[in-house]
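**Student:** Structure file protein-v3.txt, compact mmCIF, C-alpha atoms, is pasted below:
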# COMPACT_ATOMS: atom_id res chain seq x y z
CA LEU C 29 0.32 -84.93 -22.51
CA LEU C 30 0.90 -83.39 -19.08
CA LEU C 31 -1.32 -80.43 -19.97
CA LEU C 32 -4.11 -82.78 -21.07
CA LEU C 33 -3.76 -84.72 -17.83
CA LEU C 34 -3.98 -81.54 -15.76
CA LEU C 35 -7.06 -80.39 -17.67
CA TRP C 36 -8.67 -83.77 -17.11
CA LEU C 37 -7.92 -83.58 -13.39
CA PHE C 38 -9.40 -80.09 -13.26
CA GLN C 39 -12.59 -81.32 -14.93
CA GLU C 40 -12.81 -84.06 -12.30
CA LEU C 41 -12.81 -81.60 -9.41
CA PRO C 42 -16.07 -81.64 -7.45
CA LEU C 43 -18.40 -78.67 -7.66
CA TYR C 44 -18.75 -76.13 -4.90
CA LYS C 45 -21.57 -76.92 -2.50
CA ASP C 46 -24.81 -75.28 -3.57
CA ARG C 47 -24.90 -73.47 -0.22
CA LEU C 48 -21.67 -72.10 1.27
CA GLU C 49 -21.20 -70.34 4.60
CA VAL C 50 -19.65 -66.88 4.26
CA THR C 51 -16.55 -67.11 6.47
CA PHE C 52 -16.42 -63.43 7.36
CA TYR C 53 -20.15 -62.92 7.83
CA ASP C 54 -21.39 -65.13 10.63
CA GLY C 55 -24.70 -66.86 9.94
CA ARG C 56 -24.83 -65.86 6.27
CA TYR C 57 -24.73 -68.24 3.32
CA SER C 58 -24.03 -67.83 -0.37
CA THR C 59 -25.73 -69.60 -3.27
CA GLY C 60 -25.30 -69.50 -7.02
CA THR C 61 -25.71 -71.42 -10.25
CA ASP C 62 -22.05 -71.44 -11.33
CA ARG C 63 -20.37 -73.84 -8.90
CA LYS C 64 -17.18 -74.67 -10.83
CA PHE C 65 -13.73 -73.81 -9.53
CA PRO C 66 -12.30 -71.01 -11.70
CA LEU C 67 -8.77 -71.22 -13.06
CA LEU C 68 -6.48 -68.28 -12.38
CA GLU C 69 -5.82 -68.08 -16.11
CA ASP C 70 -9.56 -67.78 -16.77
CA VAL C 71 -9.71 -64.86 -14.31
CA PHE C 72 -6.77 -63.13 -16.01
CA ARG C 73 -8.30 -63.70 -19.43
CA LYS C 74 -11.76 -62.42 -18.49
CA PHE C 75 -10.59 -59.42 -16.46
CA PRO C 76 -7.40 -58.24 -18.20
CA HIS C 77 -7.37 -54.77 -16.63
CA THR C 78 -8.63 -55.60 -13.14
CA PRO C 79 -6.05 -55.66 -10.30
CA VAL C 80 -5.77 -59.09 -8.68
CA ASN C 81 -4.38 -60.01 -5.28
CA THR C 82 -2.67 -63.43 -5.49
CA GLU C 83 -2.14 -64.82 -2.00
CA ILE C 84 0.34 -67.71 -1.84
CA LYS C 85 -0.78 -69.70 1.18
CA GLU C 86 1.75 -72.54 1.09
CA ASP C 87 5.50 -72.76 0.56
CA ASN C 88 5.36 -74.25 -2.92
CA GLU C 89 7.97 -73.09 -5.41
CA ARG C 90 6.21 -74.67 -8.37
CA LEU C 91 3.03 -72.78 -7.49
CA ILE C 92 4.97 -69.52 -7.27
CA LYS C 93 6.60 -70.14 -10.66
CA GLU C 94 3.27 -70.98 -12.31
CA VAL C 95 1.58 -67.85 -10.95
CA SER C 96 4.48 -65.70 -12.11
CA SER C 97 4.40 -67.33 -15.54
CA LEU C 98 0.69 -66.54 -15.95
CA VAL C 99 1.20 -62.96 -14.81
CA LYS C 100 3.91 -62.50 -17.44
CA LYS C 101 1.88 -64.27 -20.11
CA TYR C 102 -1.00 -61.81 -19.69
CA ASN C 103 1.30 -58.80 -19.25
CA ARG C 104 -0.15 -57.75 -15.91
CA GLU C 105 2.86 -57.47 -13.61
CA ASP C 106 1.91 -53.93 -12.56
CA ILE C 107 -1.63 -54.87 -11.48
CA THR C 108 -1.07 -58.28 -9.84
CA VAL C 109 0.05 -58.35 -6.22
CA TRP C 110 2.20 -60.89 -4.43
CA ALA C 111 0.50 -61.57 -1.09
CA SER C 112 1.39 -63.86 1.80
CA MET C 113 1.28 -63.62 5.57
CA LYS C 114 4.70 -65.29 5.78
CA SER C 115 7.96 -63.46 5.05
CA HIS C 116 9.87 -66.48 3.73
CA ILE C 117 7.16 -67.16 1.13
CA LEU C 118 7.08 -63.53 0.03
CA LYS C 119 10.86 -63.62 -0.31
CA LYS C 120 10.56 -66.50 -2.80
CA CYS C 121 7.78 -64.70 -4.66
CA ARG C 122 9.88 -61.55 -5.01
CA LYS C 123 12.87 -63.58 -6.17
CA GLU C 124 10.76 -65.27 -8.84
CA ASN C 125 9.21 -62.02 -10.10
CA PRO C 126 10.56 -58.82 -8.57
CA SER C 127 8.48 -56.68 -10.97
CA MET C 128 5.24 -57.41 -9.12
CA PRO C 129 4.18 -55.21 -6.17
CA PHE C 130 3.84 -56.98 -2.82
CA MET C 131 2.25 -56.58 0.60
CA PHE C 132 3.57 -56.44 4.15
CA SER C 133 3.93 -59.88 5.72
CA VAL C 134 2.92 -60.30 9.37
CA PRO C 135 6.51 -59.92 10.68
CA ARG C 136 7.01 -56.86 8.49
CA GLY C 137 3.72 -55.45 9.77
CA VAL C 138 4.99 -55.79 13.34
CA GLN C 139 8.20 -53.99 12.32
CA LEU C 140 6.10 -51.26 10.73
CA LEU C 141 4.25 -50.63 14.00
CA LEU C 142 7.47 -50.60 16.02
CA LEU C 143 9.03 -48.09 13.63
CA TYR C 144 5.90 -45.91 13.83
CA TYR C 145 5.74 -45.84 17.63
CA CYS C 146 9.51 -45.28 17.89
CA GLY C 147 9.30 -42.30 15.51
CA LEU C 148 11.66 -43.87 12.97
CA LEU C 149 9.16 -44.67 10.23
CA PRO C 150 9.64 -41.42 8.21
CA PHE C 151 13.34 -42.25 7.87
CA THR C 152 12.92 -45.92 6.92
CA PRO C 153 12.61 -47.17 3.31
CA LEU C 154 9.51 -49.30 2.67
CA PRO C 155 9.69 -51.57 -0.40
CA GLU C 156 6.12 -52.84 0.08
CA SER C 157 3.25 -51.38 -1.94
CA PHE C 158 0.29 -52.69 0.08
CA LEU C 159 -0.76 -52.95 3.70
CA GLN C 160 -3.58 -55.48 3.99
CA MET C 161 -5.02 -56.28 7.40
CA TYR C 162 -8.15 -56.98 9.42
CA LEU C 163 -10.54 -54.20 10.29
CA PRO C 164 -10.58 -55.04 14.03
CA CYS C 165 -14.19 -53.96 14.64
CA VAL C 166 -15.53 -56.84 12.52
CA ILE C 167 -13.92 -59.41 14.83
CA ASN C 168 -16.48 -61.04 17.13
CA ARG C 169 -19.28 -59.24 15.30
CA THR C 170 -19.47 -60.39 11.68
CA TYR C 171 -16.35 -62.57 11.88
CA ILE C 172 -16.04 -65.07 14.73
CA PRO C 173 -12.42 -66.29 14.85
CA SER C 174 -11.52 -69.81 15.93
CA SER C 175 -8.64 -68.61 18.12
CA PRO C 176 -9.63 -68.00 21.78
CA ILE C 177 -7.12 -65.15 21.93
CA MET C 178 -8.77 -63.36 19.02
CA ARG C 179 -12.18 -63.78 20.67
CA ASN C 180 -10.96 -61.85 23.71
CA ARG C 181 -12.56 -58.40 23.62
CA ILE C 182 -9.57 -56.76 25.33
CA VAL C 183 -7.29 -58.08 22.58
CA THR C 184 -9.54 -56.78 19.80
CA TYR C 185 -9.84 -53.41 21.58
CA LEU C 186 -6.06 -53.10 21.77
CA MET C 187 -5.78 -54.14 18.12
CA GLU C 188 -8.17 -51.39 17.10
CA LYS C 189 -6.36 -48.73 19.12
CA LEU C 190 -2.76 -49.75 18.40
CA MET C 191 -2.77 -51.23 14.90
CA LEU C 192 -4.80 -48.68 12.95
CA PRO C 193 -3.92 -45.14 14.06
CA SER C 194 -5.12 -42.71 11.40
CA ALA C 195 -1.75 -40.94 11.41
CA LEU C 196 -0.01 -44.17 10.41
CA LEU C 197 -2.40 -44.87 7.55
CA LYS C 198 -2.11 -41.26 6.37
CA HIS C 199 1.68 -41.53 6.38
CA LEU C 200 1.60 -44.75 4.33
CA VAL C 201 -0.84 -43.32 1.78
CA GLU C 202 1.31 -40.21 1.40
CA ARG C 203 4.22 -42.53 0.59
CA GLY C 204 2.20 -44.20 -2.15
CA ILE C 205 1.32 -47.36 -0.22
CA GLN C 206 -2.22 -48.71 -0.62
CA VAL C 207 -4.03 -49.50 2.65
CA GLN C 208 -6.68 -52.21 2.29
CA LEU C 209 -8.81 -53.47 5.19
CA PHE C 210 -10.86 -56.68 5.36
CA VAL C 211 -13.38 -58.15 5.48
CA CYS C 212 -15.98 -55.40 5.30
CA ASN C 213 -19.51 -56.66 4.58
CA GLU C 214 -21.73 -53.94 6.05
CA ASP C 215 -22.11 -50.23 5.36
CA GLN C 216 -20.88 -49.35 8.84
CA ASP C 217 -17.66 -51.28 8.14
CA PHE C 218 -17.12 -49.49 4.83
CA GLN C 219 -17.60 -46.19 6.63
CA THR C 220 -15.21 -47.11 9.43
CA ALA C 221 -12.51 -48.32 7.05
CA PHE C 222 -12.60 -45.25 4.84
CA SER C 223 -12.81 -42.87 7.79
CA LEU C 224 -9.61 -44.42 9.17
CA GLY C 225 -7.88 -43.62 5.90
CA ALA C 226 -8.08 -46.89 3.98
CA THR C 227 -7.69 -46.59 0.21
CA GLY C 228 -9.65 -49.80 -0.37
CA VAL C 229 -11.59 -52.58 1.33
CA MET C 230 -12.08 -56.28 0.71
CA THR C 231 -15.63 -57.59 0.82
CA ASP C 232 -17.70 -60.67 0.12
CA TYR C 233 -20.44 -58.41 -1.27
CA PRO C 234 -19.01 -56.27 -4.10
CA SER C 235 -22.44 -55.05 -5.20
CA ARG C 236 -23.08 -53.75 -1.68
CA LEU C 237 -19.74 -51.93 -1.73
CA ARG C 238 -20.55 -50.50 -5.18
CA ASP C 239 -23.85 -49.12 -3.89
CA TYR C 240 -22.12 -47.63 -0.86
CA LEU C 241 -19.52 -45.89 -3.02
CA ARG C 242 -22.23 -44.51 -5.28
CA SER C 243 -23.98 -42.91 -2.32
CA HIS C 244 -20.72 -41.96 -0.57
CA PRO C 245 -18.31 -40.94 -3.36
CA PRO C 246 -14.73 -40.41 -2.23
CA PRO C 247 -13.54 -36.80 -2.17
CA ARG C 248 -11.82 -35.58 -5.30
CA PRO C 249 -8.04 -35.13 -5.02
CA PRO C 250 -6.89 -31.51 -4.87
CA PRO C 251 -5.87 -30.03 -8.23
CA SER C 252 -2.18 -30.27 -8.99
CA GLN C 253 -0.27 -27.03 -8.74
Go ahead and render the structure in this file as structure tokens.
**Tutor:**
Amino acid sequence: LLLLLLLWLFQELPLYKDRLEVTFYDGRYSTGTDRKFPLLEDVFRKFPHTPVNTEIKEDNERLIKEVSSLVKKYNREDITVWASMKSHILKKCRKENPSMPFMFSVPRGVQLLLLYYCGLLPFTPLPESFLQMYLPCVINRTYIPSSPIMRNRIVTYLMEKLMLPSALLKHLVERGIQVQLFVCNEDQDFQTAFSLGATGVMTDYPSRLRDYLRSHPPPRPPPSQ
């Protein structure tokens, strides 16, 4: 009965607007014919082998349990990532399903930078599998943040110089940690992200990224000895 009620409530959800502003691409809008909200289970069912980043944005234990249950149901614990900016939420996610890889929270990201600049990072265990963060050069160009601090050009300059040193990204990749930068919506942003050492980017325009990768294929890894 509860399941039927939930399905009915889902069917009653309003449709997406027929014209949506692209948050990370100022002045651009998206349109489409399919305006229904997708269920996470539908995504898992349709794309069984595609990695999915599940960001838990609120401290909701029931939500965390439901996400974990779906991940287990579709046997995709190795390709579904726990993501949250907040450490206390990630802690609950890991407790619910420790088999899933997870990202650096914001506090852990700050610790990462401190360890790097203190020279202690090579000697420190890192349980995280993903570093996901802004590509600073998109701020105030394609992405206009609401925070006055983030709109300060000195702040974004310092972010670019201090938060993304190539040596740090190289070190993380060598330790098996994926580095993913967002939100890249133009070719110049793809180029910047990959030149810094990112292993992946997040974009609102996957077909544009596909075309870029076709014309700029990543170098082949060296043959194993």
**Student:** Which residue, C:Phe158, C:Tyr240, C:Tyr144, C:Phe75, has the smallest gap to Ser112 (chain C) when you use only C-alpha atoms?
**Tutor:**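 Smallest separation from Ser112 (chain C) among the options: C:Phe158.
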**Student:** Please compute the CA of Pro173 (chain C)-CA of Tyr185 (chain C) distance, one decimal, in Å.
**Tutor:**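 So the two atoms, CA of Pro173 (chain C) and CA of Tyr185 (chain C), lie 14.8 Å apart.
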**Student:** Which is closer to Pro76 (chain C) than all the others in C:Ile107, C:Val50, C:Leu190, C:Leu141, using all atoms listed in the file?
**Tutor:**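 Closest to Pro76 (chain C) of all the choices is C:Ile107.
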**Student:** Please list as a PyMOL selection string every residue within 10 Å of Glu83 (chain C), counting only C-alpha atoms and excluding residues in the same chain fewer than 4 positions away.
**Tutor:** chain C and resi 109-113+118+130-131
**Student:** Between CA of Pro164 (chain C) and CA of Pro245 (chain C), what is the distance in Å, rounded to a tenth?
**Tutor:**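 So the two atoms, CA of Pro164 (chain C) and CA of Pro245 (chain C), lie 23.7 Å apart.
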**Student:** CA of Ser175 (chain C) and CA of Pro135 (chain C) are how many Å apart?
**Tutor:**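 Going from CA of Ser175 (chain C) over to CA of Pro135 (chain C), I get 19.0 Å.
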**Student:** Please determine, counting all atoms listed in the file, which residue among C:Ser243, C:Gln206, C:Thr152, C:Thr170 has the shortest atom-to-atom distance to Thr51 (chain C).
**Tutor:**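 Closest to Thr51 (chain C), using all atoms listed in the file: C:Thr170.
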**Student:** If you count all atoms listed in the file, which residues fall within 9 Å of region 231-239 of chain C, apart from same-chain ones fewer than 6 positions away, as a short mmCIF file (atom, residue, chain, number, x, y, z; two decimals) with C-alpha atoms, in the coordinates of the input?
**Tutor:**
data_model
loop_
_atom_site.label_atom_id
_atom_site.label_comp_id
_atom_site.auth_asym_id
_atom_site.auth_seq_id
_atom_site.Cartn_x
_atom_site.Cartn_y
_atom_site.Cartn_z
CA VAL C 50 -19.65 -66.88 4.26
CA PHE C 52 -16.42 -63.43 7.36
CA TYR C 53 -20.15 -62.92 7.83
CA PHE C 210 -10.86 -56.68 5.36
CA VAL C 211 -13.38 -58.15 5.48
CA CYS C 212 -15.98 -55.40 5.30
CA ASN C 213 -19.51 -56.66 4.58
CA GLU C 214 -21.73 -53.94 6.05
CA ASP C 215 -22.11 -50.23 5.36
CA PHE C 218 -17.12 -49.49 4.83
#
**Student:** Can you work out which one of C:Pro150, C:Leu224, C:Glu89, C:Gln160 has the shortest atom-to-atom distance to Glu202 (chain C), counting only C-alpha atoms?
**Tutor:**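 Using only C-alpha atoms, Glu202 (chain C) sits closest to C:Pro150.
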**Student:** Given the choices C:Glu156, C:Ala226, C:Asn168, C:Gln219, which gets closest to Val183 (chain C) if the distance is worked out from only C-alpha atoms?
**Tutor:**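 Distance minimum relative to Val183 (chain C) lands on C:Asn168.
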**Student:** Skipping near chain neighbours, those fewer than 6 positions away, what residues fall within 12 Å of Gly204 (chain C) using all atoms listed in the file, listed as a PDB file with C-alpha atoms, keeping the file's coordinate frame?
**Tutor:**
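Okay, result08.pdb is ready:
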ATOM      1  CA  PRO C 129       4.180 -55.210  -6.170  1.00  0.00           C
ATOM      2  CA  LEU C 154       9.510 -49.300   2.670  1.00  0.00           C
ATOM      3  CA  PRO C 155       9.690 -51.570  -0.400  1.00  0.00           C
ATOM      4  CA  GLU C 156       6.120 -52.840   0.080  1.00  0.00           C
ATOM      5  CA  SER C 157       3.250 -51.380  -1.940  1.00  0.00           C
ATOM      6  CA  PHE C 158       0.290 -52.690   0.080  1.00  0.00           C
ATOM      7  CA  LEU C 159      -0.760 -52.950   3.700  1.00  0.00           C
ATOM      8  CA  LEU C 197      -2.400 -44.870   7.550  1.00  0.00           C
ATOM      9  CA  LYS C 198      -2.110 -41.260   6.370  1.00  0.00           C
ATOM     10  CA  THR C 227      -7.690 -46.590   0.210  1.00  0.00           C
TER      11      THR C 227
END
**Student:** Find the spatial neighbours of region 61-67 of chain C, counting all atoms listed in the file, within a cut-off of 10 Å - ignore same-chain residues fewer than 2 positions away - and output them as a list of chain:residue names.
**Tutor:**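 Once the nearby chain positions are removed, what remains is C:Phe38, C:Gln39, C:Leu41, C:Pro42, C:Leu43, C:Tyr44, C:Lys45, C:Asp46, C:Arg47, C:Thr59, C:Glu69, C:Asp70, C:Val71, C:Phe72, C:Arg73.
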**Student:** Restricting the calculation to all atoms listed in the file: of C:Arg242, C:Ile172, C:Ser194, C:Leu200, which residue gets closest to Gly225 (chain C)?
**Tutor:**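 Answer, going by the shortest atom-to-atom distance: C:Ser194.
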